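Colleague: File follows, start-v6.cif with mmCIF, C-alpha atoms:
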```
data_run
loop_
_atom_site.label_atom_id
_atom_site.label_comp_id
_atom_site.auth_asym_id
_atom_site.auth_seq_id
_atom_site.Cartn_x
_atom_site.Cartn_y
_atom_site.Cartn_z
CA MET L 176 -7.33 -201.61 -22.34
CA LYS L 177 -10.65 -200.55 -23.83
CA PHE L 178 -14.11 -201.06 -22.39
CA TYR L 179 -17.24 -201.12 -24.47
CA LEU L 180 -20.65 -200.67 -23.04
CA THR L 181 -22.64 -202.18 -25.92
CA LYS L 182 -22.12 -204.63 -28.74
CA SER L 183 -22.89 -202.09 -31.40
CA ALA L 184 -20.18 -199.87 -30.06
CA GLN L 185 -17.75 -202.79 -30.08
CA ARG L 186 -18.64 -203.67 -33.68
CA ALA L 187 -18.29 -200.09 -34.77
CA ALA L 188 -14.84 -199.95 -33.19
CA GLU L 189 -13.79 -203.15 -34.91
CA GLY L 190 -15.05 -201.91 -38.28
CA GLY L 191 -18.09 -204.18 -38.56
CA PRO L 192 -21.60 -203.07 -39.43
CA ALA L 193 -23.77 -201.79 -36.73
CA SER L 194 -27.47 -201.71 -36.61
CA PRO L 195 -29.04 -198.29 -36.47
CA LYS L 196 -31.09 -198.88 -33.39
CA PRO L 197 -28.26 -200.32 -31.41
CA ALA L 198 -26.15 -197.40 -32.64
CA LYS L 199 -28.63 -194.98 -31.24
CA ALA L 200 -28.68 -196.89 -27.99
CA ALA L 201 -24.89 -196.92 -27.94
CA ALA L 202 -24.81 -193.18 -28.60
CA ALA L 203 -27.24 -192.56 -25.81
CA SER L 204 -25.26 -194.80 -23.55
CA THR L 205 -22.05 -193.04 -24.53
CA ALA L 206 -23.65 -189.67 -23.87
CA ASN L 207 -24.84 -190.84 -20.50
CA THR L 208 -21.34 -192.08 -19.76
CA VAL L 209 -19.80 -188.81 -20.85
CA ALA L 210 -22.35 -186.82 -18.85
CA THR L 211 -21.88 -188.97 -15.84
CA ALA L 212 -18.09 -188.78 -15.97
CA PRO L 213 -17.84 -184.96 -15.68
CA LYS L 214 -20.42 -184.98 -12.98
CA THR L 215 -18.33 -187.38 -10.97
CA ALA L 216 -15.24 -185.25 -11.48
CA LYS L 217 -17.12 -182.13 -10.37
CA GLN L 218 -18.38 -183.86 -7.25
CA SER L 219 -14.86 -184.93 -6.30
CA LYS L 220 -13.60 -181.41 -6.93
CA THR L 221 -16.38 -179.93 -4.82
CA ALA L 222 -15.60 -182.36 -2.01
CA LYS L 223 -11.94 -181.39 -2.14
CA GLN L 224 -12.84 -177.68 -2.08
CA SER L 225 -15.21 -178.22 0.88
CA LYS L 226 -12.52 -180.10 2.77
CA THR L 227 -9.97 -177.37 2.01
CA ALA L 228 -12.44 -174.63 3.12
CA LYS L 229 -13.12 -176.46 6.40
CA THR L 230 -9.40 -176.80 7.00
CA ALA L 231 -8.86 -173.07 6.26
CA GLU L 232 -11.81 -172.12 8.46
CA THR L 233 -10.37 -174.22 11.31
CA SER L 234 -6.98 -172.53 10.91
CA VAL L 235 -8.65 -169.09 10.78
CA ARG L 236 -10.57 -169.84 13.98
CA ARG L 237 -7.37 -170.81 15.73
CA VAL L 238 -5.68 -167.50 14.81
CA LYS L 239 -6.88 -164.59 17.00
CA THR L 240 -7.69 -161.55 14.89
CA PRO L 241 -6.66 -158.19 16.45
CA LYS L 242 -9.47 -155.78 17.25
CA ASN L 243 -8.05 -152.95 15.14
CA ALA L 244 -7.02 -155.20 12.18
CA ALA L 245 -8.17 -154.01 8.76
CA ALA L 246 -10.58 -156.18 6.83
CA ILE L 247 -8.73 -157.79 3.92
CA GLY L 248 -10.53 -159.41 1.10
CA ALA L 249 -13.79 -157.49 1.60
CA ALA L 250 -16.18 -157.01 -1.22
CA PRO L 251 -14.96 -154.27 -3.56
CA ARG L 252 -17.04 -151.14 -3.68
CA VAL L 253 -17.01 -148.19 -6.03
CA ASP L 254 -18.25 -144.71 -4.93
CA LEU L 255 -19.47 -142.90 -8.03
CA LEU L 256 -20.98 -139.96 -6.08
CA PRO L 257 -19.65 -136.61 -7.47
CA GLN L 258 -17.48 -134.38 -5.27
CA GLU L 259 -19.95 -131.51 -5.69
CA VAL L 260 -22.64 -133.53 -3.95
CA ARG L 261 -20.31 -134.33 -1.05
CA ALA L 262 -19.33 -130.67 -0.75
CA GLU L 263 -23.01 -129.67 -0.76
CA ARG L 264 -23.77 -132.20 1.96
CA ARG L 265 -20.87 -130.94 4.09
CA ALA L 266 -22.04 -127.37 3.59
CA SER L 267 -25.56 -128.39 4.63
CA ARG L 268 -24.22 -130.01 7.78
CA ASN L 269 -22.17 -126.90 8.60
CA VAL L 270 -25.19 -124.69 8.04
CA ARG L 271 -27.30 -126.85 10.36
CA ARG L 272 -24.60 -126.73 13.03
CA ALA L 273 -24.33 -122.95 12.65
CA TRP L 274 -28.08 -122.57 13.04
CA LEU L 275 -28.01 -124.81 16.10
CA GLY L 276 -25.29 -122.61 17.59
CA VAL L 277 -27.34 -119.50 16.82
CA VAL L 278 -30.40 -121.04 18.47
CA GLY L 279 -28.31 -122.01 21.55
CA VAL L 280 -26.87 -118.52 21.87
CA ALA L 281 -30.33 -117.01 21.48
CA GLY L 282 -31.61 -119.30 24.22
CA LEU L 283 -28.81 -118.26 26.56
CA VAL L 284 -29.47 -114.60 25.80
CA ALA L 285 -33.16 -115.08 26.51
CA ILE L 286 -32.40 -116.79 29.84
CA ALA L 287 -29.98 -114.02 30.83
CA PHE L 288 -32.49 -111.35 29.84
CA GLY L 289 -35.20 -113.03 31.89
CA ALA L 290 -32.92 -113.27 34.93
CA ALA L 291 -31.93 -109.61 34.59
CA THR L 292 -35.58 -108.62 34.26
CA LEU L 293 -36.52 -110.54 37.41
CA ALA L 294 -33.63 -108.96 39.32
CA SER L 295 -34.69 -105.50 38.13
CA ILE L 296 -38.28 -106.11 39.20
CA HIS L 297 -37.12 -107.33 42.62
CA ALA L 298 -34.87 -104.28 43.06
CA GLN L 299 -37.71 -101.97 42.04
CA GLU L 300 -40.00 -103.59 44.61
CA ASN L 301 -37.35 -103.15 47.32
CA LEU L 302 -36.92 -99.50 46.33
CA VAL L 303 -40.64 -98.85 46.54
CA ALA L 304 -40.81 -100.53 49.96
CA SER L 305 -37.85 -98.48 51.21
CA GLN L 306 -39.37 -95.25 49.95
CA SER L 307 -42.65 -96.08 51.65
CA GLU L 308 -40.85 -96.83 54.92
CA THR L 309 -38.87 -93.58 54.66
CA ALA L 310 -42.05 -91.59 54.11
CA SER L 311 -43.66 -93.25 57.15
CA LEU L 312 -40.65 -92.48 59.32
CA SER L 313 -40.65 -88.87 58.12
CA VAL L 314 -44.30 -88.50 59.14
CA GLN L 315 -43.60 -89.98 62.56
CA GLN L 316 -40.54 -87.79 63.01
CA ALA L 317 -42.59 -84.68 62.19
CA LYS L 318 -44.89 -85.52 65.11
CA TYR L 319 -41.98 -85.29 67.54
CA GLY L 320 -40.23 -82.30 65.96
CA GLN L 321 -40.77 -80.15 69.04
CA VAL L 322 -39.31 -82.83 71.26
CA LYS L 323 -36.22 -82.86 69.07
CA ILE L 324 -35.85 -79.09 69.48
CA ILE L 325 -36.13 -79.35 73.25
CA GLU L 326 -33.64 -82.18 73.31
CA ASN L 327 -31.17 -80.06 71.35
CA HIS L 328 -31.65 -77.20 73.78
CA SER L 329 -31.10 -79.56 76.70
CA SER L 330 -27.92 -80.83 75.14
CA LEU L 331 -26.76 -77.25 74.65
CA ILE L 332 -27.50 -76.48 78.32
CA VAL L 333 -25.58 -79.53 79.48
CA ALA L 334 -22.63 -78.57 77.30
CA ALA L 335 -22.73 -75.04 78.74
CA GLN L 336 -22.74 -76.49 82.24
CA HIS L 337 -19.72 -78.60 81.41
CA VAL L 338 -17.86 -75.59 80.10
CA GLY L 339 -18.98 -73.13 82.79
CA GLY L 340 -18.65 -75.64 85.62
CA SER L 341 -15.22 -76.83 84.58
CA THR L 342 -13.69 -74.24 86.97
CA ASP L 343 -16.22 -74.75 89.74
CA ILE L 344 -14.92 -75.03 93.33
CA ASP L 345 -17.18 -75.90 96.22
CA TRP L 346 -15.97 -73.04 98.41
CA ASP L 347 -18.24 -73.84 101.32
CA ALA L 348 -16.87 -77.36 101.64
CA TYR L 349 -13.31 -76.23 100.88
CA LEU L 350 -13.25 -73.48 103.55
CA THR L 351 -14.82 -75.83 106.08
CA ARG L 352 -12.01 -78.28 105.43
CA LEU L 353 -9.46 -75.47 105.68
CA GLN L 354 -10.88 -74.54 109.09
CA SER L 355 -10.42 -78.12 110.24
CA THR L 356 -6.69 -77.97 109.48
CA LEU L 357 -6.06 -74.95 111.72
CA PRO L 358 -4.76 -75.42 115.29
CA THR L 359 -7.20 -75.51 118.17
CA GLY L 360 -8.53 -72.06 119.06
CA THR L 361 -7.65 -70.59 115.66
CA THR L 362 -10.56 -69.22 113.62
CA ILE L 363 -10.91 -67.72 110.18
CA LYS L 364 -11.56 -63.99 110.34
CA SER L 365 -11.76 -63.21 106.60
CA VAL L 366 -11.21 -64.89 103.22
CA ASN L 367 -10.40 -63.33 99.85
CA VAL L 368 -10.48 -65.62 96.78
CA ASP L 369 -9.13 -64.95 93.27
CA SER L 370 -9.58 -67.86 90.82
CA ALA L 371 -9.77 -68.57 87.10
CA SER L 372 -13.03 -68.56 85.15
CA ALA L 373 -14.25 -70.69 82.24
CA LEU L 374 -13.44 -67.86 79.81
CA THR L 375 -10.37 -66.28 81.38
CA PRO L 376 -7.26 -68.29 82.33
CA TYR L 377 -5.51 -67.51 85.60
CA VAL L 378 -2.38 -65.36 85.38
CA GLN L 379 0.68 -67.37 86.40
CA SER L 380 3.50 -66.07 88.56
CA SER L 381 6.66 -64.86 86.85
CA ALA L 382 8.83 -65.89 89.80
CA ALA L 383 11.03 -68.94 89.41
CA LEU L 384 10.18 -72.27 91.01
CA GLN L 385 6.52 -71.30 91.36
CA GLY L 386 3.96 -74.05 90.68
CA ILE L 387 1.06 -73.74 88.27
CA ARG L 388 -2.00 -72.36 90.01
CA ILE L 389 -5.62 -71.68 89.18
CA GLY L 390 -6.41 -69.47 92.15
CA THR L 391 -5.17 -67.64 95.25
CA ILE L 392 -6.75 -67.68 98.72
CA ASN L 393 -5.89 -64.90 101.18
CA VAL L 394 -6.92 -66.03 104.67
CA THR L 395 -6.80 -64.01 107.87
CA VAL L 396 -6.92 -66.09 111.06
CA THR L 397 -7.02 -65.11 114.74
CA SER L 398 -5.87 -67.02 117.80
CA PRO L 399 -5.63 -66.27 121.54
CA THR L 400 -1.97 -67.30 121.53
CA LEU L 401 0.92 -66.81 119.19
CA PRO L 402 0.27 -69.25 116.38
CA SER L 403 2.85 -71.75 115.26
CA VAL L 404 3.61 -70.95 111.64
CA PRO L 405 5.01 -74.44 110.78
CA GLN L 406 1.92 -76.04 112.24
CA LEU L 407 -0.31 -73.77 110.15
CA LEU L 408 1.57 -74.58 106.94
CA ASN L 409 1.58 -78.33 107.60
CA GLY L 410 -2.20 -78.29 108.08
CA LEU L 411 -2.77 -76.35 104.87
CA ALA L 412 -0.61 -78.81 102.87
CA SER L 413 -3.22 -81.54 103.46
CA LEU L 414 -5.86 -79.64 101.47
CA PRO L 415 -6.66 -80.84 97.90
CA GLY L 416 -5.06 -78.69 95.22
CA TYR L 417 -2.51 -77.21 97.59
CA VAL L 418 0.46 -75.68 95.76
CA ASP L 419 2.18 -73.47 98.31
CA ALA L 420 1.44 -71.04 101.18
CA ASN L 421 3.21 -67.91 102.43
CA PRO L 422 2.57 -66.64 105.96
CA GLY L 423 2.34 -62.88 106.42
CA THR L 424 2.94 -60.67 109.44
CA VAL L 425 1.50 -61.50 112.82
CA THR L 426 -0.17 -58.68 114.73
CA VAL L 427 -1.61 -58.59 118.24
CA SER L 428 -4.48 -56.47 119.50
CA ASN L 429 -6.13 -56.77 122.86
CA GLY L 430 -4.48 -60.12 123.46
CA THR L 431 -5.61 -61.58 120.13
CA PHE L 432 -3.07 -62.59 117.51
CA THR L 433 -3.94 -62.02 113.87
CA THR L 434 -2.08 -63.79 111.05
CA ALA L 435 -2.44 -63.32 107.25
CA ILE L 436 -1.73 -66.34 105.00
CA THR L 437 -1.58 -66.44 101.16
CA MET L 438 -2.18 -69.89 99.66
CA HIS L 439 -2.17 -71.00 95.99
CA ILE L 440 -4.23 -73.89 94.68
CA ASN L 441 -4.23 -75.92 91.40
CA GLN L 442 -6.81 -77.87 89.33
CA LYS L 443 -7.22 -80.57 91.96
CA ALA L 444 -9.34 -78.10 93.94
CA TYR L 445 -12.10 -78.24 91.29
CA SER L 446 -15.27 -79.97 92.42
CA GLY L 447 -15.91 -81.67 89.05
CA ARG L 448 -19.62 -82.01 89.75
CA TYR L 449 -20.57 -80.59 86.33
CA THR L 450 -17.94 -82.34 84.29
CA THR L 451 -18.19 -85.85 85.78
CA GLU L 452 -21.98 -85.99 86.12
CA GLY L 453 -23.56 -88.66 83.95
CA LYS L 454 -20.27 -90.51 83.24
#
```
If you convert what's in this file into C-alpha coordinates, what do you get?

Modeller:
Amino acid sequence: MKFYLTKSAQRAAEGGPASPKPAKAAAASTANTVATAPKTAKQSKTAKQSKTAKTAETSVRRVKTPKNAAAIGAAPRVDLLPQEVRAERRASRNVRRAWLGVVGVAGLVAIAFGAATLASIHAQENLVASQSETASLSVQQAKYGQVKIIENHSSLIVAAQHVGGSTDIDWDAYLTRLQSTLPTGTTIKSVNVDSASALTPYVQSSAALQGIRIGTINVTVTSPTLPSVPQLLNGLASLPGYVDANPGTVTVSNGTFTTAITMHINQKAYSGRYTTEGK
(Lines of atoms letter the chains of each structure in order from A and count residues from 1; the text may use other names and numbers.)
(Lines give C-alpha, C1' and ligand atoms only; values in the text may rest on other atoms or scores of the structure.)
Protein backbone atom coordinates (compact mmCIF):
# COMPACT_ATOMS: atom_id res chain seq x y z
CA MET A 1 0.00 0.00 0.00
CA LYS A 2 1.37 3.36 -1.10
CA PHE A 3 0.59 6.77 0.34
CA TYR A 4 0.98 9.98 -1.56
CA LEU A 5 1.15 13.32 0.07
CA THR A 6 0.28 15.45 -2.97
CA LYS A 7 -1.51 15.08 -6.27
CA SER A 8 1.54 15.91 -8.30
CA ALA A 9 3.41 13.13 -6.63
CA GLN A 10 0.54 10.74 -7.37
CA ARG A 11 0.45 11.78 -11.04
CA ALA A 12 4.18 11.42 -11.36
CA ALA A 13 3.96 7.92 -9.93
CA GLU A 14 1.19 6.98 -12.33
CA GLY A 15 3.12 8.35 -15.31
CA GLY A 16 0.99 11.43 -15.94
CA PRO A 17 2.27 14.96 -16.40
CA ALA A 18 2.96 17.00 -13.41
CA SER A 19 3.04 20.70 -13.12
CA PRO A 20 6.36 22.21 -12.19
CA LYS A 21 5.14 24.14 -9.23
CA PRO A 22 3.30 21.25 -7.71
CA ALA A 23 6.40 19.15 -8.38
CA LYS A 24 8.49 21.54 -6.40
CA ALA A 25 5.93 21.49 -3.63
CA ALA A 26 5.87 17.70 -3.75
CA ALA A 27 9.66 17.59 -3.60
CA ALA A 28 9.69 19.90 -0.65
CA SER A 29 7.01 17.87 1.01
CA THR A 30 8.92 14.67 0.29
CA ALA A 31 12.08 16.20 1.71
CA ASN A 32 10.24 17.26 4.80
CA THR A 33 8.85 13.76 5.12
CA VAL A 34 12.26 12.22 4.68
CA ALA A 35 13.80 14.65 7.15
CA THR A 36 11.06 14.10 9.62
CA ALA A 37 11.26 10.31 9.37
CA PRO A 38 14.92 10.00 10.45
CA LYS A 39 14.35 12.47 13.20
CA THR A 40 11.56 10.34 14.57
CA ALA A 41 13.74 7.24 14.39
CA LYS A 42 16.56 9.03 16.21
CA GLN A 43 14.22 10.18 18.94
CA SER A 44 12.95 6.65 19.50
CA LYS A 45 16.52 5.36 19.57
CA THR A 46 17.53 8.04 22.06
CA ALA A 47 14.56 7.18 24.27
CA LYS A 48 15.51 3.51 24.18
CA GLN A 49 19.13 4.35 25.07
CA SER A 50 17.99 6.61 27.94
CA LYS A 51 15.74 3.87 29.28
CA THR A 52 18.55 1.32 29.01
CA ALA A 53 21.01 3.70 30.77
CA LYS A 54 18.53 4.28 33.61
CA THR A 55 18.05 0.54 33.97
CA ALA A 56 21.85 -0.02 34.02
CA GLU A 57 22.33 2.83 36.49
CA THR A 58 19.67 1.30 38.77
CA SER A 59 21.38 -2.09 38.59
CA VAL A 60 24.79 -0.46 39.27
CA ARG A 61 23.39 1.34 42.31
CA ARG A 62 22.05 -1.92 43.68
CA VAL A 63 25.47 -3.61 43.42
CA LYS A 64 27.86 -2.54 46.21
CA THR A 65 31.27 -1.70 44.83
CA PRO A 66 34.23 -2.83 47.02
CA LYS A 67 36.43 -0.09 48.43
CA ASN A 68 39.63 -1.47 46.91
CA ALA A 69 38.06 -2.35 43.49
CA ALA A 70 39.95 -1.08 40.46
CA ALA A 71 38.25 1.43 38.21
CA ILE A 72 37.28 -0.28 34.95
CA GLY A 73 36.30 1.66 31.94
CA ALA A 74 38.09 4.87 32.97
CA ALA A 75 39.17 7.36 30.41
CA PRO A 76 42.34 6.20 28.65
CA ARG A 77 45.43 8.23 29.29
CA VAL A 78 48.82 8.26 27.61
CA ASP A 79 51.99 9.40 29.47
CA LEU A 80 54.42 10.72 26.88
CA LEU A 81 56.89 12.11 29.47
CA PRO A 82 60.45 10.79 28.76
CA GLN A 83 62.15 8.50 31.29
CA GLU A 84 65.06 10.94 31.59
CA VAL A 85 62.73 13.59 32.98
CA ARG A 86 61.33 11.16 35.54
CA ALA A 87 64.83 10.12 36.57
CA GLU A 88 65.83 13.77 36.92
CA ARG A 89 62.79 14.46 39.08
CA ARG A 90 63.55 11.46 41.30
CA ALA A 91 67.16 12.60 41.62
CA SER A 92 65.96 16.09 42.56
CA ARG A 93 63.70 14.66 45.23
CA ASN A 94 66.55 12.53 46.61
CA VAL A 95 68.85 15.54 46.66
CA ARG A 96 66.26 17.58 48.55
CA ARG A 97 65.80 14.77 51.07
CA ALA A 98 69.57 14.47 51.49
CA TRP A 99 69.88 18.19 52.11
CA LEU A 100 67.04 18.03 54.62
CA GLY A 101 68.87 15.22 56.43
CA VAL A 102 72.07 17.26 56.42
CA VAL A 103 70.24 20.27 57.84
CA GLY A 104 68.63 18.08 60.55
CA VAL A 105 71.97 16.58 61.54
CA ALA A 106 73.54 20.02 61.61
CA GLY A 107 70.73 21.23 63.87
CA LEU A 108 71.24 18.32 66.26
CA VAL A 109 74.98 18.96 66.31
CA ALA A 110 74.38 22.62 67.06
CA ILE A 111 72.00 21.76 69.91
CA ALA A 112 74.48 19.26 71.36
CA PHE A 113 77.32 21.77 71.07
CA GLY A 114 75.25 24.42 72.83
CA ALA A 115 74.36 22.02 75.65
CA ALA A 116 78.01 21.00 76.05
CA THR A 117 79.07 24.64 76.09
CA LEU A 118 76.53 25.48 78.80
CA ALA A 119 77.65 22.49 80.88
CA SER A 120 81.30 23.55 80.50
CA ILE A 121 80.49 27.11 81.56
CA HIS A 122 78.57 25.83 84.59
CA ALA A 123 81.44 23.52 85.57
CA GLN A 124 83.93 26.36 85.19
CA GLU A 125 81.82 28.57 87.45
CA ASN A 126 81.66 25.81 90.07
CA LEU A 127 85.43 25.37 89.86
CA VAL A 128 86.05 29.07 90.36
CA ALA A 129 83.68 29.12 93.35
CA SER A 130 85.40 26.09 94.88
CA GLN A 131 88.83 27.61 94.40
CA SER A 132 87.68 30.83 96.02
CA GLU A 133 86.24 28.91 98.98
CA THR A 134 89.46 26.90 99.33
CA ALA A 135 91.55 30.07 99.35
CA SER A 136 89.29 31.58 102.03
CA LEU A 137 89.56 28.47 104.18
CA SER A 138 93.35 28.48 103.78
CA VAL A 139 93.51 32.07 105.01
CA GLN A 140 91.34 31.26 108.00
CA GLN A 141 93.37 28.15 108.77
CA ALA A 142 96.59 30.19 108.71
CA LYS A 143 95.17 32.38 111.48
CA TYR A 144 94.86 29.38 113.78
CA GLY A 145 98.11 27.65 112.80
CA GLN A 146 99.56 28.04 116.28
CA VAL A 147 96.46 26.52 117.83
CA LYS A 148 96.88 23.52 115.56
CA ILE A 149 100.48 23.08 116.73
CA ILE A 150 99.43 23.22 120.37
CA GLU A 151 96.63 20.77 119.72
CA ASN A 152 99.10 18.35 118.16
CA HIS A 153 101.39 18.69 121.16
CA SER A 154 98.46 18.06 123.49
CA SER A 155 97.53 14.96 121.56
CA LEU A 156 101.13 13.77 121.79
CA ILE A 157 101.10 14.35 125.57
CA VAL A 158 97.87 12.43 125.97
CA ALA A 159 99.25 9.56 123.92
CA ALA A 160 102.40 9.55 126.08
CA GLN A 161 100.24 9.44 129.19
CA HIS A 162 98.33 6.49 127.81
CA VAL A 163 101.55 4.64 127.09
CA GLY A 164 103.39 5.62 130.28
CA GLY A 165 100.34 5.21 132.50
CA SER A 166 99.37 1.84 131.09
CA THR A 167 101.39 0.18 133.91
CA ASP A 168 100.32 2.61 136.61
CA ILE A 169 99.28 1.16 140.00
CA ASP A 170 97.83 3.33 142.73
CA TRP A 171 100.15 1.98 145.43
CA ASP A 172 98.77 4.15 148.20
CA ALA A 173 95.25 2.82 147.71
CA TYR A 174 96.50 -0.72 147.06
CA LEU A 175 98.62 -0.93 150.24
CA THR A 176 95.80 0.57 152.28
CA ARG A 177 93.53 -2.18 151.01
CA LEU A 178 96.21 -4.77 151.74
CA GLN A 179 96.40 -3.50 155.33
CA SER A 180 92.66 -3.96 155.68
CA THR A 181 92.94 -7.66 154.80
CA LEU A 182 95.42 -8.42 157.61
CA PRO A 183 94.19 -9.85 160.94
CA THR A 184 93.51 -7.52 163.83
CA GLY A 185 96.70 -6.29 165.49
CA THR A 186 98.86 -7.05 162.44
CA THR A 187 100.64 -4.08 160.86
CA ILE A 188 102.83 -3.61 157.84
CA LYS A 189 106.45 -3.03 158.80
CA SER A 190 108.00 -2.69 155.33
CA VAL A 191 107.08 -3.08 151.65
CA ASN A 192 109.31 -3.78 148.65
CA VAL A 193 107.72 -3.54 145.18
CA ASP A 194 109.11 -4.76 141.83
CA SER A 195 106.79 -4.17 138.84
CA ALA A 196 106.89 -3.83 135.07
CA SER A 197 107.32 -0.49 133.31
CA ALA A 198 105.87 0.88 130.06
CA LEU A 199 109.14 0.12 128.25
CA THR A 200 110.34 -3.03 129.99
CA PRO A 201 108.16 -6.14 130.36
CA TYR A 202 108.22 -8.03 133.65
CA VAL A 203 110.34 -11.19 133.76
CA GLN A 204 108.14 -14.26 134.20
CA SER A 205 108.94 -17.18 136.47
CA SER A 206 110.47 -20.28 134.92
CA ALA A 207 108.83 -22.55 137.50
CA ALA A 208 105.91 -24.69 136.37
CA LEU A 209 102.32 -23.86 137.27
CA GLN A 210 103.22 -20.23 137.97
CA GLY A 211 100.69 -17.61 136.84
CA ILE A 212 101.52 -14.62 134.67
CA ARG A 213 102.51 -11.65 136.78
CA ILE A 214 103.38 -8.01 136.27
CA GLY A 215 104.91 -7.37 139.67
CA THR A 216 106.04 -8.75 143.03
CA ILE A 217 105.27 -7.32 146.48
CA ASN A 218 107.47 -8.31 149.43
CA VAL A 219 105.63 -7.41 152.65
CA THR A 220 106.93 -7.69 156.19
CA VAL A 221 104.22 -7.66 158.87
CA THR A 222 104.40 -7.72 162.67
CA SER A 223 101.88 -8.97 165.21
CA PRO A 224 101.82 -9.37 169.01
CA THR A 225 100.80 -13.00 168.64
CA LEU A 226 101.75 -15.80 166.33
CA PRO A 227 99.96 -15.01 163.10
CA SER A 228 97.74 -17.51 161.37
CA VAL A 229 99.29 -18.14 157.97
CA PRO A 230 96.05 -19.45 156.33
CA GLN A 231 94.20 -16.39 157.55
CA LEU A 232 96.87 -14.12 156.08
CA LEU A 233 96.74 -15.86 152.70
CA ASN A 234 92.94 -15.84 152.55
CA GLY A 235 92.90 -12.08 153.18
CA LEU A 236 95.48 -11.41 150.49
CA ALA A 237 93.49 -13.45 147.93
CA SER A 238 90.71 -10.83 148.03
CA LEU A 239 93.00 -8.14 146.60
CA PRO A 240 92.59 -7.18 142.89
CA GLY A 241 95.24 -8.71 140.66
CA TYR A 242 96.17 -11.37 143.18
CA VAL A 243 98.05 -14.29 141.59
CA ASP A 244 99.65 -16.14 144.48
CA ALA A 245 101.43 -15.55 147.83
CA ASN A 246 104.21 -17.42 149.64
CA PRO A 247 104.71 -16.93 153.37
CA GLY A 248 108.29 -16.77 154.63
CA THR A 249 109.80 -17.53 158.02
CA VAL A 250 108.29 -16.21 161.21
CA THR A 251 110.65 -14.65 163.74
CA VAL A 252 110.00 -13.36 167.24
CA SER A 253 111.82 -10.58 169.05
CA ASN A 254 110.82 -9.05 172.33
CA GLY A 255 107.42 -10.68 172.14
CA THR A 256 106.70 -9.39 168.62
CA PHE A 257 106.26 -11.82 165.75
CA THR A 258 107.59 -10.80 162.35
CA THR A 259 106.44 -12.53 159.14
CA ALA A 260 107.71 -12.02 155.54
CA ILE A 261 105.23 -12.60 152.68
CA THR A 262 105.94 -12.60 148.90
CA MET A 263 102.89 -11.89 146.74
CA HIS A 264 102.59 -11.73 142.92
CA ILE A 265 100.05 -9.58 141.12
CA ASN A 266 98.75 -9.42 137.48
CA GLN A 267 97.31 -6.73 135.16
CA LYS A 268 94.11 -6.40 137.17
CA ALA A 269 96.11 -4.39 139.72
CA TYR A 270 96.56 -1.53 137.21
CA SER A 271 94.65 1.62 138.08
CA GLY A 272 93.70 2.42 134.46
CA ARG A 273 93.24 6.11 135.23
CA TYR A 274 95.36 7.17 132.23
CA THR A 275 94.06 4.64 129.76
CA THR A 276 90.32 4.89 130.49
CA GLU A 277 90.14 8.66 130.94
CA GLY A 278 88.00 10.37 128.33
CA LYS A 279 86.32 7.14 127.11

Colleague: On this file, the PyMOL selection byres ((chain L and resi 369) around 12) gives some set of residues; write that set as a PyMOL selection string.

Modeller: chain L and resi 344+346+366-368+370-372+376-378+388-394+437-440

Colleague: Hey, can you check how far atom CA of Ala435 of chain L sits from atom CA of Leu407 of chain L?

Modeller: 11.1 Å

Colleague: Around the point (-0.2, -69.7, 120.2), in the coordinates given by the file, pick out the residues reaching within 9 Å, counting all atoms listed in the file, and return them as a list of chain:residue names.

Modeller: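 Every residue inside that radius is included here: L:Pro358, L:Gly360, L:Thr361, L:Ser398, L:Pro399, L:Thr400, L:Leu401, L:Pro402, L:Ser403, L:Phe432.
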
Colleague: What does the distance between atom CA of Ser341 of chain L and atom CA of Ile387 of chain L come to in Å, to one decimal place?

Modeller: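 We find that atom CA of Ser341 of chain L and atom CA of Ile387 of chain L lie 17.0 Å from each other.
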
Colleague: Distance atom CA of Ser313 of chain L-atom CA of Leu331 of chain L, one decimal place?

Modeller: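 That distance, rounded to one decimal, is 24.5 Å.
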
Colleague: Give me the residues near Lys443 of chain L as a PyMOL selection string, where near means some atom within 9 Å (using all atoms listed in the file) and where sequence neighbours in that chain fewer than 4 positions away do not count.

Modeller: chain L and resi 415-417

Colleague: Find the spatial neighbours of Ile436 of chain L, counting all atoms listed in the file, within a cut-off of 9 Å - ignore same-chain residues fewer than 3 positions away - and output them as a list in words.

Modeller: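 Within the cut-off, the hits are Ile392, Asn393, Val394, Thr395, Val396, Ala420, Asn421, Pro422, Gly423 and Thr424 of chain L.
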
Colleague: Find the spatial neighbours of Val333 of chain L, counting only C-alpha atoms, within a cut-off of 10 Å - ignore same-chain residues fewer than 5 positions away - and output them as a PyMOL selection string.

Modeller: chain L and resi 327-328+338-339+449-450+452
